[in-house]
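Containing CSV, C-alpha atoms: work_10.csv.
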chain,number,residue,atom,x,y,z
A,1,MET,CA,-5.2,4.9,1.5
A,2,ALA,CA,-8.4,3.2,2.6
A,3,CYS,CA,-12.0,2.6,1.6
A,4,HIS,CA,-14.8,0.1,2.2
A,5,ALA,CA,-15.7,-1.9,-0.9
A,6,PRO,CA,-19.3,-2.9,-1.6
A,7,THR,CA,-18.5,-6.6,-0.7
A,8,GLY,CA,-17.3,-5.7,2.7
A,9,TRP,CA,-13.5,-5.7,2.1
A,10,ARG,CA,-11.5,-2.9,3.5
A,11,LEU,CA,-8.7,-1.9,1.1
A,12,LEU,CA,-5.5,-0.2,2.4
A,13,VAL,CA,-2.6,0.9,0.3
A,14,ASP,CA,0.4,2.3,2.2
A,15,ALA,CA,2.9,3.4,-0.4
A,16,ALA,CA,5.1,5.6,1.7
A,17,GLY,CA,6.7,2.7,3.6
A,18,GLN,CA,7.2,2.1,7.3
A,19,PRO,CA,9.8,0.4,9.5
A,20,GLY,CA,9.4,-3.3,10.3
A,21,ALA,CA,7.9,-3.0,13.7
A,22,ALA,CA,5.3,-0.5,12.5
A,23,ASN,CA,4.3,-2.7,9.6
A,24,MET,CA,4.0,-5.8,11.7
A,25,SER,CA,1.9,-4.0,14.3
A,26,VAL,CA,-0.5,-2.8,11.6
A,27,ASP,CA,-0.9,-6.3,10.3
A,28,GLN,CA,-1.5,-7.6,13.9
A,29,ALA,CA,-4.1,-4.9,14.5
A,30,LEU,CA,-5.9,-5.9,11.3
A,31,LEU,CA,-5.9,-9.5,12.5
A,32,ASP,CA,-7.3,-8.3,15.9
A,33,ASP,CA,-10.0,-6.5,14.0
A,34,ALA,CA,-10.8,-9.6,11.9
A,35,ALA,CA,-11.0,-11.8,15.0
A,36,GLY,CA,-13.0,-9.3,17.1
A,37,SER,CA,-15.4,-7.7,14.6
A,38,GLY,CA,-15.2,-9.9,11.5
A,39,THR,CA,-13.6,-7.1,9.4
A,40,ALA,CA,-11.9,-8.3,6.2
A,41,THR,CA,-8.9,-6.3,5.0
A,42,LEU,CA,-6.5,-6.3,2.0
A,43,ARG,CA,-3.5,-4.2,2.7
A,44,LEU,CA,-0.6,-3.5,0.2
A,45,TYR,CA,2.5,-1.8,1.6
A,46,ARG,CA,6.2,-1.4,1.5
A,47,TRP,CA,9.2,-1.0,4.0
A,48,GLU,CA,11.3,2.0,4.8
A,49,PRO,CA,14.1,1.4,5.7
A,50,PRO,CA,14.6,-2.1,4.1
A,51,CYS,CA,14.2,-4.7,6.8
A,52,LEU,CA,15.1,-8.3,7.6
A,53,SER,CA,12.1,-10.3,9.0
A,54,PHE,CA,12.1,-13.7,10.8
A,55,GLY,CA,9.3,-16.1,10.9
A,56,ARG,CA,7.4,-16.4,14.2
A,57,ASN,CA,9.1,-19.7,15.3
A,58,GLU,CA,12.3,-19.4,13.3
A,59,PRO,CA,15.4,-20.0,15.5
A,60,ALA,CA,17.0,-16.8,14.5
A,61,ALA,CA,19.3,-16.4,17.5
A,62,GLY,CA,21.3,-19.5,16.5
A,63,HIS,CA,21.1,-19.0,12.8
A,64,TYR,CA,21.9,-15.4,12.2
A,65,ASP,CA,24.8,-13.2,13.3
A,66,ARG,CA,23.2,-10.6,15.5
A,67,ALA,CA,26.4,-8.6,15.9
A,68,GLU,CA,26.8,-8.4,12.1
A,69,ILE,CA,23.2,-7.3,11.7
A,70,GLN,CA,23.8,-4.5,14.3
A,71,ARG,CA,27.1,-3.5,12.7
A,72,LEU,CA,25.3,-3.1,9.3
A,73,GLY,CA,22.5,-1.1,10.9
A,74,ILE,CA,19.8,-3.4,9.5
A,75,ASP,CA,16.3,-3.0,10.6
A,76,VAL,CA,15.1,-6.4,11.9
A,77,VAL,CA,11.7,-7.7,13.1
A,78,ARG,CA,10.0,-11.0,13.9
A,79,ARG,CA,6.7,-11.5,12.1
A,80,PRO,CA,3.5,-12.7,13.8
A,81,THR,CA,3.3,-15.4,11.0
A,82,GLY,CA,5.6,-18.4,10.3
A,83,GLY,CA,8.1,-19.2,7.6
A,84,ARG,CA,11.7,-18.3,7.1
A,85,ALA,CA,13.6,-15.1,6.8
A,86,VAL,CA,12.8,-12.4,4.2
A,87,TRP,CA,14.8,-9.4,3.1
A,88,HIS,CA,12.2,-6.6,2.4
A,89,GLU,CA,13.4,-4.0,0.0
A,90,HIS,CA,12.2,-3.8,-3.6
A,91,GLU,CA,8.7,-5.4,-3.2
A,92,VAL,CA,5.0,-5.0,-2.8
A,93,THR,CA,4.0,-6.7,0.5
A,94,TYR,CA,0.4,-7.8,0.8
A,95,ALA,CA,-1.6,-8.7,3.9
A,96,VAL,CA,-5.0,-10.3,4.1
A,97,ALA,CA,-6.7,-10.3,7.5
A,98,ALA,CA,-10.2,-11.9,7.5
A,99,PRO,CA,-12.5,-14.4,9.2
A,100,ILE,CA,-11.6,-17.9,8.0
A,101,GLU,CA,-15.2,-18.6,7.1
A,102,ARG,CA,-14.8,-16.2,4.1
A,103,PHE,CA,-12.6,-18.8,2.5
A,104,GLY,CA,-13.8,-22.0,4.1
A,105,SER,CA,-10.5,-23.2,5.6
A,106,LEU,CA,-6.9,-22.0,6.2
A,107,ARG,CA,-5.8,-24.1,3.2
A,108,GLU,CA,-8.5,-22.7,1.0
A,109,ALA,CA,-7.6,-19.2,2.1
A,110,TYR,CA,-3.9,-19.8,1.2
A,111,CYS,CA,-4.8,-20.9,-2.3
A,112,GLY,CA,-7.6,-18.5,-2.9
A,113,ILE,CA,-5.5,-15.5,-1.9
A,114,HIS,CA,-2.7,-16.6,-4.2
A,115,GLU,CA,-5.2,-17.1,-7.1
A,116,ARG,CA,-6.2,-13.4,-6.8
A,117,ILE,CA,-2.6,-12.2,-6.6
A,118,ALA,CA,-1.6,-14.4,-9.6
A,119,ALA,CA,-4.5,-13.0,-11.6
A,120,GLY,CA,-3.2,-9.5,-10.9
A,121,LEU,CA,0.3,-10.5,-12.0
A,122,ARG,CA,-0.9,-12.1,-15.2
A,123,ALA,CA,-2.6,-8.8,-16.1
A,124,LEU,CA,0.9,-7.3,-16.0
A,125,GLY,CA,2.1,-9.9,-18.5
A,126,VAL,CA,3.7,-12.5,-16.1
A,127,GLU,CA,2.8,-16.2,-16.8
A,128,THR,CA,2.5,-17.6,-13.3
A,129,SER,CA,2.1,-21.2,-12.1
A,130,VAL,CA,1.4,-22.8,-8.7
A,131,ALA,CA,4.0,-24.8,-6.8
A,132,PRO,CA,3.1,-28.5,-6.6
A,133,THR,CA,3.1,-30.6,-3.5
A,134,ARG,CA,6.5,-32.1,-2.9
A,135,PRO,CA,9.0,-32.7,-0.1
A,136,SER,CA,10.9,-29.6,1.0
A,137,ALA,CA,14.5,-29.5,-0.1
A,138,PHE,CA,15.4,-28.0,3.2
A,139,PRO,CA,14.4,-28.8,6.8
A,140,PRO,CA,12.2,-26.0,8.2
A,141,THR,CA,14.8,-25.4,10.9
A,142,ARG,CA,17.6,-24.6,8.5
A,143,PRO,CA,18.5,-20.9,8.1
A,144,GLY,CA,17.9,-19.3,4.8
A,145,SER,CA,15.6,-17.2,2.7
A,146,CYS,CA,11.9,-17.9,2.4
A,147,PHE,CA,12.6,-17.7,-1.4
A,148,ASP,CA,15.1,-20.5,-1.4
A,149,THR,CA,12.4,-23.1,-1.9
A,150,ALA,CA,8.6,-23.1,-2.7
A,151,VAL,CA,5.9,-24.9,-0.8
A,152,ALA,CA,2.7,-26.2,-2.4
A,153,GLY,CA,0.3,-23.4,-3.6
A,154,GLU,CA,2.9,-20.6,-3.8
A,155,ILE,CA,3.3,-18.5,-7.0
A,156,LEU,CA,6.1,-19.4,-9.4
A,157,VAL,CA,7.3,-18.1,-12.7
A,158,ARG,CA,9.2,-20.6,-14.9
A,159,GLY,CA,9.7,-22.7,-11.7
A,160,ARG,CA,11.2,-19.9,-9.7
A,161,LYS,CA,9.5,-18.3,-6.7
A,162,LEU,CA,8.0,-14.8,-7.1
A,163,VAL,CA,5.8,-14.5,-4.1
A,164,GLY,CA,6.7,-15.7,-0.6
A,165,SER,CA,3.8,-16.0,1.9
A,166,ALA,CA,3.1,-17.0,5.5
A,167,GLN,CA,0.0,-17.4,7.6
A,168,VAL,CA,-1.2,-17.5,11.2
A,169,ARG,CA,-4.6,-18.2,12.8
A,170,GLN,CA,-6.1,-16.2,15.7
A,171,GLY,CA,-9.4,-17.6,16.9
A,172,SER,CA,-11.8,-17.6,14.0
A,173,ALA,CA,-9.6,-15.2,11.9
A,174,LEU,CA,-6.4,-15.5,9.8
A,175,LEU,CA,-3.6,-13.2,8.7
A,176,GLN,CA,-1.8,-14.1,5.6
A,177,HIS,CA,0.9,-11.8,4.3
A,178,GLY,CA,3.8,-12.1,1.8
A,179,SER,CA,6.3,-10.4,-0.4
A,180,ILE,CA,5.9,-9.9,-4.2
A,181,LEU,CA,9.5,-9.2,-5.4
A,182,LEU,CA,9.9,-6.3,-7.8
A,183,ALA,CA,13.7,-6.3,-8.1
A,184,GLY,CA,16.8,-7.0,-6.1
A,185,SER,CA,17.7,-10.2,-4.3
A,186,GLN,CA,17.7,-12.0,-1.0
A,187,GLU,CA,21.5,-11.9,-0.7
A,188,MET,CA,21.4,-9.9,2.6
A,189,ILE,CA,20.1,-13.0,4.3
A,190,ARG,CA,23.1,-15.0,3.2
A,191,ALA,CA,25.4,-12.2,4.3
A,192,VAL,CA,24.2,-12.4,7.9
A,193,SER,CA,23.5,-16.1,8.1
A,194,ARG,CA,25.8,-18.4,10.1
A,195,GLN,CA,25.1,-21.2,7.6
A,196,PRO,CA,24.5,-19.5,4.3
A,197,SER,CA,22.5,-21.4,1.7
A,198,THR,CA,24.0,-21.6,-1.8
A,199,VAL,CA,20.6,-22.0,-3.4
A,200,SER,CA,18.5,-19.2,-4.7
A,201,GLY,CA,15.1,-20.1,-6.0
A,202,ALA,CA,13.7,-16.5,-6.4
A,203,THR,CA,12.8,-14.4,-9.4
A,204,THR,CA,11.5,-10.8,-9.6
A,205,LEU,CA,8.9,-9.0,-11.7
A,206,SER,CA,11.6,-6.7,-13.2
A,207,ALA,CA,13.6,-9.8,-14.3
A,208,GLU,CA,10.6,-11.5,-15.8
A,209,LEU,CA,9.2,-8.4,-17.6
A,210,GLY,CA,12.6,-7.0,-18.7
A,211,ARG,CA,11.8,-3.5,-17.4
A,212,PRO,CA,11.5,-1.7,-14.1
A,213,VAL,CA,8.3,-2.4,-12.3
A,214,MET,CA,6.8,0.1,-9.8
A,215,PHE,CA,4.9,-0.4,-6.6
A,216,GLU,CA,1.9,1.5,-7.8
A,217,GLU,CA,1.3,-0.5,-11.0
A,218,VAL,CA,1.5,-3.8,-9.1
A,219,ALA,CA,-0.8,-2.5,-6.3
A,220,GLU,CA,-3.3,-1.3,-8.9
A,221,ALA,CA,-3.3,-4.7,-10.7
A,222,ILE,CA,-3.9,-6.6,-7.5
A,223,VAL,CA,-6.7,-4.4,-6.4
A,224,ARG,CA,-8.4,-4.9,-9.8
A,225,ALA,CA,-7.9,-8.6,-9.6
A,226,TRP,CA,-9.4,-8.6,-6.1
A,227,GLY,CA,-12.7,-7.6,-7.6
A,228,GLU,CA,-13.2,-4.6,-5.3
A,229,SER,CA,-13.6,-0.9,-5.8
A,230,PRO,CA,-10.3,1.1,-5.9
A,231,PRO,CA,-8.8,2.5,-2.8
A,232,CYS,CA,-9.7,6.1,-1.9
A,233,ALA,CA,-7.9,8.9,0.1
A,234,ALA,CA,-5.3,8.1,2.7
A,235,LEU,CA,-6.4,8.0,6.3
A,236,ASP,CA,-4.3,8.9,9.3
A,237,ARG,CA,-4.4,6.3,12.0
A,238,PRO,CA,-2.6,6.1,15.4
A,239,THR,CA,0.4,3.8,15.8
A,240,PRO,CA,-1.0,0.4,17.1
A,241,PRO,CA,0.0,-0.4,20.7
A,242,SER,CA,1.8,-3.6,19.6
A,243,THR,CA,4.5,-1.6,17.8
A,244,ALA,CA,6.6,-1.5,21.0
A,245,ALA,CA,6.3,-5.3,21.3
A,246,PHE,CA,7.5,-5.8,17.8
A,247,ARG,CA,10.5,-3.5,18.4
A,248,SER,CA,11.5,-5.5,21.5
A,249,PRO,CA,14.7,-7.5,21.1
A,250,ALA,CA,13.1,-10.0,23.5
A,251,TRP,CA,10.5,-10.8,20.8
A,252,THR,CA,12.9,-10.5,17.8
A,253,TRP,CA,15.5,-12.8,19.3
A,254,ARG,CA,13.3,-15.0,21.4
A,255,HIS,CA,14.4,-18.2,19.5
As a first step, turn the structure in this file into structure tokens.
Amino acid sequence: MACHAPTGWRLLVDAAGQPGAANMSVDQALLDDAAGSGTATLRLYRWEPPCLSFGRNEPAAGHYDRAEIQRLGIDVVRRPTGGRAVWHEHEVTYAVAAPIERFGSLREAYCGIHERIAAGLRALGVETSVAPTRPSAFPPTRPGSCFDTAVAGEILVRGRKLVGSAQVRQGSALLQHGSILLAGSQEMIRAVSRQPSTVSGATTLSAELGRPVMFEEVAEAIVRAWGESPPCAALDRPTPPSTAAFRSPAWTWRH
């Protein structure tokens, strides 16, 4: 779905789900738009089939068992943004691509985007908090889930991480995207890791609210909290040319 809000934000809701390479190529195309024309976009989407994603600079080749991933038939992709691995299954994924000047700085964007998402989650009845500044429990080179530990500014519930986010800058624009966990776990990451972590710092909306939580209600709450008009009818768009690059094993396993 897509529309142009009065304040200049483009809203996209892709509820059907796409494979990892297609999702990352759409996010990259939105970042290209933001850098080239100043377009600001909020996109909410899901993954089909479920997918394992690596951060842009994560040393995946040495940390994860590629043969086991292939044996299990897992869809896998490397994101254009940083951070550690994420298992994308029961979640709402958000992406914000916009000129940095809309927020002031990368750090202000990181916090400002989380503030809007947290407001949407509070409307669903979830009491959120923000992770404080503190030394990481794990070195950034250690394999493991993005949800094993929180960094400053991320969204927590009762001290556990609910939303995992990553960011990248391209010229005068930024892309920030992340996972809002509806249910399930990140156990798949441990199953294919060469050095599995025994720590799990994640929680889910279903666990916190004590009921199943659907993609549509979370997407609607975030759109309302964003302060823009609701999305309108779906638009067909061609597959971005970068899809092939994100499918390439040379990109996925480059580190």
Can I get the residues of stretch 60-136 of chain A within 8 Å of stretch 204-227 of chain A, each with the closest pair of atoms and their distance in Å to one decimal, using only C-alpha atoms, sorted chain first then ascending number, as CSV?
residue,atom,partner,partner_atom,distance
A:Glu91,CA,A:Phe215,CA,7.1
A:Val92,CA,A:Phe215,CA,6.0
A:Arg116,CA,A:Ala225,CA,5.8
A:Ile117,CA,A:Ile222,CA,5.8
A:Ala119,CA,A:Ala225,CA,5.9
A:Gly120,CA,A:Ile222,CA,4.5
A:Leu121,CA,A:Ala221,CA,6.9
A:Ala123,CA,A:Ala221,CA,6.8
A:Leu124,CA,A:Ala221,CA,7.2
A:Gly125,CA,A:Leu209,CA,7.3
A:Val126,CA,A:Glu208,CA,7.0
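Put simply, atom CA of A:Arg84 is 24.5 Å away from atom CA of A:Ser172.
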Mind giving me the straight-line distance from atom CA of A:Ala245 to atom CA of A:Pro196 in Å, one decimal?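 So the two atoms, atom CA of A:Ala245 and atom CA of A:Pro196, lie 28.7 Å apart.
Nearest to A:Gly171 of all the residues A:Ala85, A:Ser185, A:Asn23, A:Ala98 is A:Ala98, counting only C-alpha atoms.
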Could you give me, as JSON, numbers by chain, the residues that have an atom at most 12 Å away from the point (-5.2, -17.0, -0.2) in the coordinates of the file, using only C-alpha atoms? {"A": [42, 94, 95, 96, 97, 98, 100, 102, 103, 104, 105, 106, 107, 108, 109, 110, 111, 112, 113, 114, 115, 116, 117, 118, 153, 154, 155, 163, 164, 165, 166, 167, 174, 175, 176, 177, 178, 226]}
Written file, previous selection with C-alpha atoms, as a tab-separated table (two decimals), in the coordinates of the input:
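Saved file selection.tsv follows:
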chain	number	residue	atom	x	y	z
A	42	LEU	CA	-6.50	-6.30	2.00
A	94	TYR	CA	0.40	-7.80	0.80
A	95	ALA	CA	-1.60	-8.70	3.90
A	96	VAL	CA	-5.00	-10.30	4.10
A	97	ALA	CA	-6.70	-10.30	7.50
A	98	ALA	CA	-10.20	-11.90	7.50
A	100	ILE	CA	-11.60	-17.90	8.00
A	102	ARG	CA	-14.80	-16.20	4.10
A	103	PHE	CA	-12.60	-18.80	2.50
A	104	GLY	CA	-13.80	-22.00	4.10
A	105	SER	CA	-10.50	-23.20	5.60
A	106	LEU	CA	-6.90	-22.00	6.20
A	107	ARG	CA	-5.80	-24.10	3.20
A	108	GLU	CA	-8.50	-22.70	1.00
A	109	ALA	CA	-7.60	-19.20	2.10
A	110	TYR	CA	-3.90	-19.80	1.20
A	111	CYS	CA	-4.80	-20.90	-2.30
A	112	GLY	CA	-7.60	-18.50	-2.90
A	113	ILE	CA	-5.50	-15.50	-1.90
A	114	HIS	CA	-2.70	-16.60	-4.20
A	115	GLU	CA	-5.20	-17.10	-7.10
A	116	ARG	CA	-6.20	-13.40	-6.80
A	117	ILE	CA	-2.60	-12.20	-6.60
A	118	ALA	CA	-1.60	-14.40	-9.60
A	153	GLY	CA	0.30	-23.40	-3.60
A	154	GLU	CA	2.90	-20.60	-3.80
A	155	ILE	CA	3.30	-18.50	-7.00
A	163	VAL	CA	5.80	-14.50	-4.10
A	164	GLY	CA	6.70	-15.70	-0.60
A	165	SER	CA	3.80	-16.00	1.90
A	166	ALA	CA	3.10	-17.00	5.50
A	167	GLN	CA	0.00	-17.40	7.60
A	174	LEU	CA	-6.40	-15.50	9.80
A	175	LEU	CA	-3.60	-13.20	8.70
A	176	GLN	CA	-1.80	-14.10	5.60
A	177	HIS	CA	0.90	-11.80	4.30
A	178	GLY	CA	3.80	-12.10	1.80
A	226	TRP	CA	-9.40	-8.60	-6.10
Atom CA of A:Arg66 to atom CA of A:Cys146, distance in Å rounded to a single decimal: 18.8 Å
Let me make sure I understand: among A:Arg160, A:Arg122, A:Arg247, A:His90, which one has the smallest atom-to-atom distance to A:Gln186 if we use only C-alpha atoms?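 Nearest candidate to A:Gln186 out of A:Arg160, A:Arg122, A:Arg247, A:His90: A:His90.
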Nearby residues (all atoms listed in the file) at most 6 Å from A:Thr243, same-chain spacing under 5 positions excluded, as a list in words: Ala21, Ala22 and Ser25 of chain A
